[in-house]
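Undergrad: upload.tsv is reproduced in full below (TSV, C-alpha atoms).
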chain	number	residue	atom	x	y	z
D	130	MET	CA	167.19	250.07	108.02
D	131	PRO	CA	164.03	251.40	106.35
D	132	THR	CA	164.74	253.34	103.14
D	133	TYR	CA	162.95	255.91	101.02
D	134	ARG	CA	163.64	257.60	97.70
D	135	ASP	CA	163.16	261.14	96.40
D	136	GLU	CA	164.42	263.80	94.00
D	137	ALA	CA	166.66	266.41	95.58
D	138	VAL	CA	168.86	269.45	95.03
D	139	VAL	CA	172.16	269.53	96.92
D	140	LEU	CA	172.29	272.70	99.03
D	141	ARG	CA	175.58	272.39	100.91
D	142	SER	CA	177.96	269.97	102.57
D	143	HIS	CA	180.65	269.84	105.20
D	144	GLN	CA	183.26	267.33	106.23
D	145	LEU	CA	182.67	264.62	108.80
D	146	GLY	CA	185.63	262.62	110.03
D	147	GLU	CA	188.29	261.58	107.56
D	148	ALA	CA	186.19	260.37	104.64
D	149	ASP	CA	182.53	261.29	105.10
D	150	ARG	CA	180.41	264.36	104.48
D	151	ILE	CA	177.15	265.65	105.93
D	152	ILE	CA	175.06	266.92	103.02
D	153	THR	CA	171.95	269.08	103.19
D	154	PHE	CA	169.34	268.44	100.50
D	155	LEU	CA	166.10	270.12	99.50
D	156	THR	CA	163.92	267.23	98.38
D	157	ARG	CA	160.74	267.15	96.34
D	158	ARG	CA	158.52	265.31	98.84
D	159	TYR	CA	160.23	265.54	102.21
D	160	GLY	CA	161.54	269.11	102.28
D	161	LYS	CA	164.96	269.61	103.82
D	162	VAL	CA	166.92	266.46	104.65
D	163	ARG	CA	170.40	266.15	106.15
D	164	ALA	CA	172.26	262.93	105.46
D	165	VAL	CA	175.69	261.35	105.81
D	166	ALA	CA	177.43	260.30	102.60
D	167	LYS	CA	179.90	257.71	103.86
D	168	GLY	CA	183.28	257.45	102.18
D	169	ILE	CA	182.48	260.20	99.69
D	170	ARG	CA	185.89	261.83	100.07
D	171	LYS	CA	187.71	258.63	99.07
D	172	THR	CA	188.83	258.32	95.46
D	173	SER	CA	186.99	255.00	95.31
D	174	SER	CA	183.65	256.53	96.37
D	175	ARG	CA	180.72	255.24	94.32
D	176	PHE	CA	178.97	258.62	94.68
D	177	GLY	CA	181.65	260.50	92.72
D	178	GLY	CA	180.76	264.07	91.78
D	179	ARG	CA	177.01	263.50	91.90
D	180	LEU	CA	176.65	265.08	95.33
D	181	GLU	CA	178.32	268.40	94.62
D	182	PRO	CA	176.35	271.57	95.48
D	183	TYR	CA	173.59	272.60	93.02
D	184	CYS	CA	173.33	269.12	91.46
D	185	GLN	CA	169.87	267.58	91.07
D	186	VAL	CA	169.71	263.89	91.94
D	187	ASP	CA	167.46	260.88	92.40
D	188	ILE	CA	168.53	259.68	95.82
D	189	GLN	CA	167.80	256.88	98.26
D	190	PHE	CA	168.11	257.46	102.00
D	191	ALA	CA	168.25	254.96	104.83
D	192	GLU	CA	166.70	256.20	108.02
D	193	GLY	CA	169.55	256.92	110.40
D	194	ARG	CA	169.82	257.54	114.08
D	195	GLY	CA	168.92	260.97	115.37
D	196	SER	CA	168.48	263.75	112.79
D	197	LEU	CA	170.83	262.37	110.12
D	198	GLU	CA	169.83	259.97	107.36
D	199	VAL	CA	172.35	257.88	105.38
D	200	VAL	CA	172.81	258.15	101.61
D	201	THR	CA	172.65	254.66	100.07
D	202	GLN	CA	172.11	255.28	96.34
D	203	VAL	CA	172.43	258.30	94.03
D	204	GLU	CA	171.58	258.80	90.37
D	205	ALA	CA	172.36	262.12	88.71
D	206	LEU	CA	169.40	263.93	87.13
D	207	HIS	CA	171.39	267.06	86.34
D	208	VAL	CA	175.07	267.74	87.07
D	209	SER	CA	175.58	271.45	87.66
D	210	ARG	CA	178.11	273.33	85.53
D	211	LEU	CA	178.03	276.47	87.69
D	212	ALA	CA	181.38	275.80	89.39
D	213	GLY	CA	183.11	276.75	86.13
D	214	ASP	CA	181.80	280.35	86.18
D	215	TYR	CA	182.65	282.27	89.34
D	216	SER	CA	179.96	284.93	88.88
D	217	ARG	CA	177.20	282.39	88.35
D	218	PHE	CA	178.65	280.22	91.13
D	219	THR	CA	178.29	283.12	93.60
D	220	ALA	CA	174.75	283.67	92.31
D	221	ALA	CA	173.93	280.02	93.01
D	222	GLU	CA	175.26	280.43	96.56
D	223	VAL	CA	172.65	283.15	97.14
D	224	LEU	CA	169.91	280.84	95.85
D	225	VAL	CA	170.76	277.80	97.96
D	226	GLU	CA	171.33	279.87	101.12
D	227	THR	CA	167.92	281.48	100.65
D	228	ALA	CA	166.24	278.10	100.19
D	229	ASP	CA	168.02	276.78	103.27
D	230	ARG	CA	166.73	279.74	105.31
D	231	LEU	CA	163.15	279.64	104.02
D	232	VAL	CA	162.75	275.88	104.47
D	233	ALA	CA	163.88	275.97	108.08
D	234	GLU	CA	162.25	272.82	109.43
D	235	GLU	CA	163.63	269.46	108.33
D	236	GLY	CA	161.11	266.95	107.02
D	237	SER	CA	158.51	269.61	106.16
D	238	PRO	CA	157.32	269.22	102.52
D	239	SER	CA	158.12	272.29	100.39
D	240	LEU	CA	157.33	271.29	96.82
D	241	GLN	CA	157.01	274.85	95.49
D	242	GLN	CA	160.35	275.87	96.99
D	243	TYR	CA	161.96	272.76	95.51
D	244	ARG	CA	160.61	273.44	92.02
D	245	LEU	CA	161.53	277.11	92.21
D	246	LEU	CA	165.11	276.41	93.30
D	247	ALA	CA	165.67	273.66	90.72
D	248	GLY	CA	164.35	275.93	87.95
D	249	ALA	CA	166.43	278.91	89.06
D	250	LEU	CA	169.64	276.87	89.18
D	251	ARG	CA	168.98	275.66	85.64
D	252	ALA	CA	168.27	279.25	84.54
D	253	LEU	CA	171.66	280.32	85.90
D	254	GLU	CA	173.31	277.95	83.44
D	255	ASP	CA	171.61	279.68	80.50
D	256	PRO	CA	174.01	282.34	79.12
D	257	ALA	CA	171.02	284.19	77.65
D	258	ARG	CA	169.62	284.83	81.14
D	259	PRO	CA	171.37	287.69	82.99
D	260	TYR	CA	172.28	286.06	86.28
D	261	PRO	CA	171.60	289.15	88.48
D	262	LEU	CA	168.01	289.11	87.20
D	263	VAL	CA	167.73	285.38	87.92
D	264	VAL	CA	168.80	286.02	91.51
D	265	ASP	CA	166.43	288.96	92.01
D	266	SER	CA	163.53	287.05	90.49
D	267	TYR	CA	164.25	283.99	92.61
D	268	LEU	CA	164.45	286.01	95.83
D	269	LEU	CA	161.08	287.68	95.20
D	270	ARG	CA	159.35	284.48	94.14
D	271	ALA	CA	160.79	282.34	96.95
D	272	LEU	CA	159.71	284.95	99.49
D	273	ALA	CA	156.25	285.03	97.92
D	274	VAL	CA	155.93	281.25	98.27
D	275	ALA	CA	156.95	281.64	101.92
D	276	GLY	CA	154.15	284.18	102.46
D	277	TYR	CA	156.07	287.43	101.92
D	278	ALA	CA	154.86	288.50	98.48
D	279	VAL	CA	156.06	291.99	97.58
D	280	ALA	CA	153.49	294.63	96.56
D	281	THR	CA	154.36	296.24	93.21
D	282	THR	CA	151.37	298.24	91.89
D	283	ARG	CA	149.15	299.03	94.89
D	284	CYS	CA	150.03	300.15	98.39
D	285	ALA	CA	150.83	297.24	100.69
D	286	GLY	CA	149.37	299.18	103.60
D	287	CYS	CA	146.07	300.62	102.34
D	288	ASP	CA	145.66	299.35	98.74
D	289	ASN	CA	145.99	302.88	97.33
D	290	ALA	CA	146.87	302.82	93.63
D	291	GLU	CA	149.07	305.93	93.98
D	292	VAL	CA	152.35	304.36	95.08
D	293	ARG	CA	155.49	306.47	95.26
D	294	TRP	CA	157.81	304.61	97.62
D	295	PHE	CA	159.34	301.20	98.30
D	296	SER	CA	159.36	300.07	101.93
D	297	PRO	CA	160.97	296.68	102.77
D	298	GLN	CA	159.33	296.59	106.19
D	299	GLY	CA	156.05	297.91	104.81
D	300	GLY	CA	155.61	295.11	102.27
D	301	GLY	CA	156.99	296.74	99.12
D	302	ALA	CA	155.23	299.50	97.17
D	303	VAL	CA	153.53	302.03	99.46
D	304	CYS	CA	151.77	305.38	99.15
D	305	THR	CA	153.02	308.55	100.79
D	306	ALA	CA	150.70	308.10	103.77
D	307	CYS	CA	152.04	304.59	104.46
D	308	ARG	CA	155.66	305.46	103.80
D	309	THR	CA	158.05	304.25	106.52
D	310	SER	CA	161.47	305.50	107.56
D	311	GLY	CA	164.13	304.51	105.05
D	312	SER	CA	161.71	304.07	102.14
D	313	ALA	CA	163.21	304.47	98.66
D	314	PRO	CA	161.55	306.40	95.81
D	315	LEU	CA	159.65	304.09	93.46
D	316	ASP	CA	158.74	305.23	89.94
D	317	SER	CA	156.63	303.45	87.34
D	318	ASP	CA	159.65	301.81	85.65
D	319	ASP	CA	160.83	300.44	88.99
D	320	ALA	CA	157.38	299.05	89.74
D	321	ALA	CA	157.12	297.44	86.30
D	322	HIS	CA	160.51	295.78	86.68
D	323	LEU	CA	159.62	294.50	90.15
D	324	GLY	CA	156.40	293.05	88.77
D	325	ALA	CA	158.24	291.36	85.90
D	326	LEU	CA	160.76	289.78	88.28
D	327	LEU	CA	157.99	288.54	90.56
D	328	ALA	CA	156.04	287.07	87.64
D	329	GLY	CA	159.10	285.62	85.88
D	330	ASP	CA	158.36	287.73	82.80
D	331	TRP	CA	161.80	287.61	81.17
D	332	ALA	CA	160.81	289.60	78.09
D	333	VAL	CA	160.01	292.63	80.24
D	334	ALA	CA	162.77	292.07	82.81
D	335	THR	CA	165.58	291.80	80.26
D	336	ALA	CA	164.34	294.87	78.37
D	337	THR	CA	164.67	297.09	81.47
D	338	ASP	CA	167.45	299.67	81.34
D	339	GLY	CA	170.51	299.13	83.52
D	340	ALA	CA	169.92	302.04	85.90
D	341	THR	CA	166.41	300.82	86.75
D	342	ALA	CA	167.61	297.23	87.18
D	343	ARG	CA	170.33	298.38	89.61
D	344	ARG	CA	167.87	300.44	91.66
D	345	VAL	CA	165.45	297.55	91.87
D	346	ASP	CA	168.23	295.15	92.75
D	347	GLY	CA	168.93	297.26	95.84
D	348	MET	CA	165.24	297.14	96.74
D	349	VAL	CA	165.12	293.35	96.34
D	350	VAL	CA	168.19	292.85	98.53
D	351	ALA	CA	166.74	295.14	101.22
D	352	TYR	CA	163.38	293.33	101.04
D	353	ALA	CA	164.99	289.89	101.31
D	354	THR	CA	167.24	290.98	104.17
D	355	TRP	CA	164.28	292.34	106.13
D	356	HIS	CA	162.09	289.26	105.73
D	357	LEU	CA	164.90	286.76	106.29
D	358	ASP	CA	165.69	288.60	109.56
D	359	ARG	CA	169.36	289.02	108.69
D	360	ALA	CA	171.57	289.48	105.65
D	361	LEU	CA	172.52	286.48	103.54
D	362	ARG	CA	176.17	285.58	104.14
D	363	SER	CA	176.66	284.89	100.42
D	364	LEU	CA	175.51	288.32	99.20
D	365	PRO	CA	178.83	290.18	99.74
D	366	TYR	CA	180.53	287.61	97.46
D	367	PHE	CA	177.88	287.78	94.74
D	368	GLU	CA	179.48	289.41	91.71
D	369	ARG	CA	176.87	291.40	89.85
As a first step, turn the structure in this file into structure tokens.

TA:
Amino acid sequence: MPTYRDEAVVLRSHQLGEADRIITFLTRRYGKVRAVAKGIRKTSSRFGGRLEPYCQVDIQFAEGRGSLEVVTQVEALHVSRLAGDYSRFTAAEVLVETADRLVAEEGSPSLQQYRLLAGALRALEDPARPYPLVVDSYLLRALAVAGYAVATTRCAGCDNAEVRWFSPQGGGAVCTACRTSGSAPLDSDDAAHLGALLAGDWAVATATDGATARRVDGMVVAYATWHLDRALRSLPYFER
């Protein structure tokens, strides 16, 4: 069978038969790929723990029948340590579910989404990075790559610089004239924190007071839920 090789992040897996698993990857060059890892649940499996969720691997696929490829070789590039910390594990679940939703079509290259996810998963392993901020920053940046960039300083509706509200359905920061039903008040500290999360400016984001960070977190969740069409299943389990 023809084969090809790529870098990939493991998104999720589920059992197939008595010994196999179907694993969903986000790859560097080919976007989302689903593949069968044969015999992976056997103690003698040559794949070992290299195909656990959140791991980054160098992987070879053989072209399979239908929509499923076959894993033939795997080399670990980074073995995730997130399973040992429940809070950061639940944060990682939010990240991989979001990536899985945003890269909906299999075989469609999504290099920016791949790089963003791989970087965010590594950031979650850094104890100096508050994991709720990593999740909020990832959600905003992944949505921006997908074409849903949030407005933070000027009105998303009319470009007015006098923004006072945050509207998930309106595109983020909006003025009073463009305010929609259910909009939340947005002050200058909220807008600055949103901008820092979107830009990945950790110096500003980590210096934000807790009350502002919690308000903005609610805005980010509402924004992501609106643009992903439905709530992420992993969010209720995410321990902030």

Undergrad: Hey, can you check how far atom CA of D:Ser363 sits from atom CA of D:Gln189?

TA: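 One can read the atom CA of D:Ser363 to atom CA of D:Gln189 distance as 29.5 Å.
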
Undergrad: Here's a test: counting all atoms listed in the file, identify every protein, DNA and RNA residue with an atom at most 8 Å from (176.0, 267.4, 99.9) in the file's coordinate frame, and state them as a PyMOL selection string.

TA: chain D and resi 139-143+150-154+166+180-182

Undergrad: In Å to one decimal, how far is atom CA of D:Arg170 from atom CA of D:Asp149?

TA: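 Separation between atom CA of D:Asp149 and atom CA of D:Arg170: 6.1 Å.
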
Undergrad: Could you check the closest approach to D:Ser266 for each of D:Leu364, D:Val138, D:Val350, D:Ala233 and tell me which residue wins, using only C-alpha atoms?

TA: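 Among the listed residues, D:Val350 lies closest to D:Ser266.
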
Undergrad: So that I can check the surroundings of D:Arg230, please list as a ChimeraX atom specification every protein, DNA and RNA residue that reaches within 10 Å of it, counting only C-alpha atoms and ignoring chain neighbours fewer than 5 positions away.

TA: /D:225,357-358,361

Undergrad: My list of candidates is D:Asp265, D:Glu368, D:Asp318, D:Glu136. Which is closest to D:Arg244 when distances are computed with only C-alpha atoms?

TA: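 Of the candidates, the smallest distance to D:Arg244 is held by D:Glu136.
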
Undergrad: If you count all atoms listed in the file, which residues fall within 8 Å of D:Leu250, apart from same-chain ones fewer than 2 positions away, as a list in words?

TA: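 In the requested format, the answer is Tyr183, Ala221, Leu224, Leu246, Ala247, Gly248, Ala252, Leu253 and Glu254 of chain D.
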
Undergrad: Rounded to one decimal place, report the atom CA of D:Leu211-atom CA of D:Glu226 distance in Å.

TA: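 We find that atom CA of D:Leu211 and atom CA of D:Glu226 lie 15.4 Å from each other.
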
Undergrad: Please identify all polymer residues within 7 Å of D:Val263, counting all atoms listed in the file, omitting same-chain residues fewer than 4 positions from it, and present them as a PyMOL selection string.

TA: chain D and resi 249+253+259+267

Undergrad: Using all atoms listed in the file, can you tell me which of D:Val345, D:Trp331, D:Arg270, D:Cys304 comes closest to D:Asp319?

TA: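 When distances to D:Asp319 are compared using all atoms listed in the file, the smallest one comes from D:Val345.
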
Undergrad: From the set D:Ala137, D:Leu269, D:Ala257, D:Cys287, which residue has the shortest atom-to-atom contact distance to D:Asp346, counting all atoms listed in the file?

TA: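 Selected residue with least distance to D:Asp346: D:Leu269.
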
Undergrad: Return the single residue from D:Gly311, D:Pro256, D:Gly324, D:Gly160 that is closest to D:Val279, with distances computed using all atoms listed in the file.

TA: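 The answer is D:Gly324, which sits nearest to D:Val279.
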
Undergrad: Using 10 Å as the limit and counting all atoms listed in the file, can you tabulate each residue of stretch 230-330 of chain D that touches stretch 335-341 of chain D, with its shortest atom-to-atom distance in Å and the two atoms involved, as CSV?

TA:
residue,atom,partner,partner_atom,distance
D:Ala257,CA,D:Thr335,CA,9.7
D:Arg258,CA,D:Thr335,CA,8.1
D:Pro259,CA,D:Thr335,CA,7.6
D:Leu262,CA,D:Thr335,CA,7.8
D:Asp316,CA,D:Thr341,CA,9.4
D:Asp318,CA,D:Thr341,CA,6.9
D:Asp319,CA,D:Thr341,CA,6.0
D:Ala320,CA,D:Thr341,CA,9.7
D:Ala321,CA,D:Thr337,CA,9.0
D:His322,CA,D:Thr337,CA,6.8
D:Leu323,CA,D:Thr341,CA,9.9
D:Ala325,CA,D:Thr335,CA,9.3
D:Leu326,CA,D:Thr335,CA,9.6
D:Asp330,CA,D:Thr335,CA,8.7

Undergrad: Which of these, D:Val264, D:Ala164, D:Ala271, D:Ala328, has the shortest distance to D:Ala220 once you count all atoms listed in the file?

TA: D:Val264

Undergrad: Starting from 6 Å padding per side, set up an axis-aligned box that covers all listed atoms of stretch 285-296 of chain D and hand over centre and edge lengths in Å, one decimal, as JSON.

TA:
{"center_x": 152.5, "center_y": 301.9, "center_z": 98.6, "size_x": 25.7, "size_y": 21.2, "size_z": 22.0}

Undergrad: Could you name the residues that touch D:Glu235 at 8 Å or less, counting only C-alpha atoms, but leaving out those on the same chain fewer than 6 positions away, as a list in words?

TA: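 The residues that qualify are Gly160, Lys161, Val162 and Arg163 of chain D.
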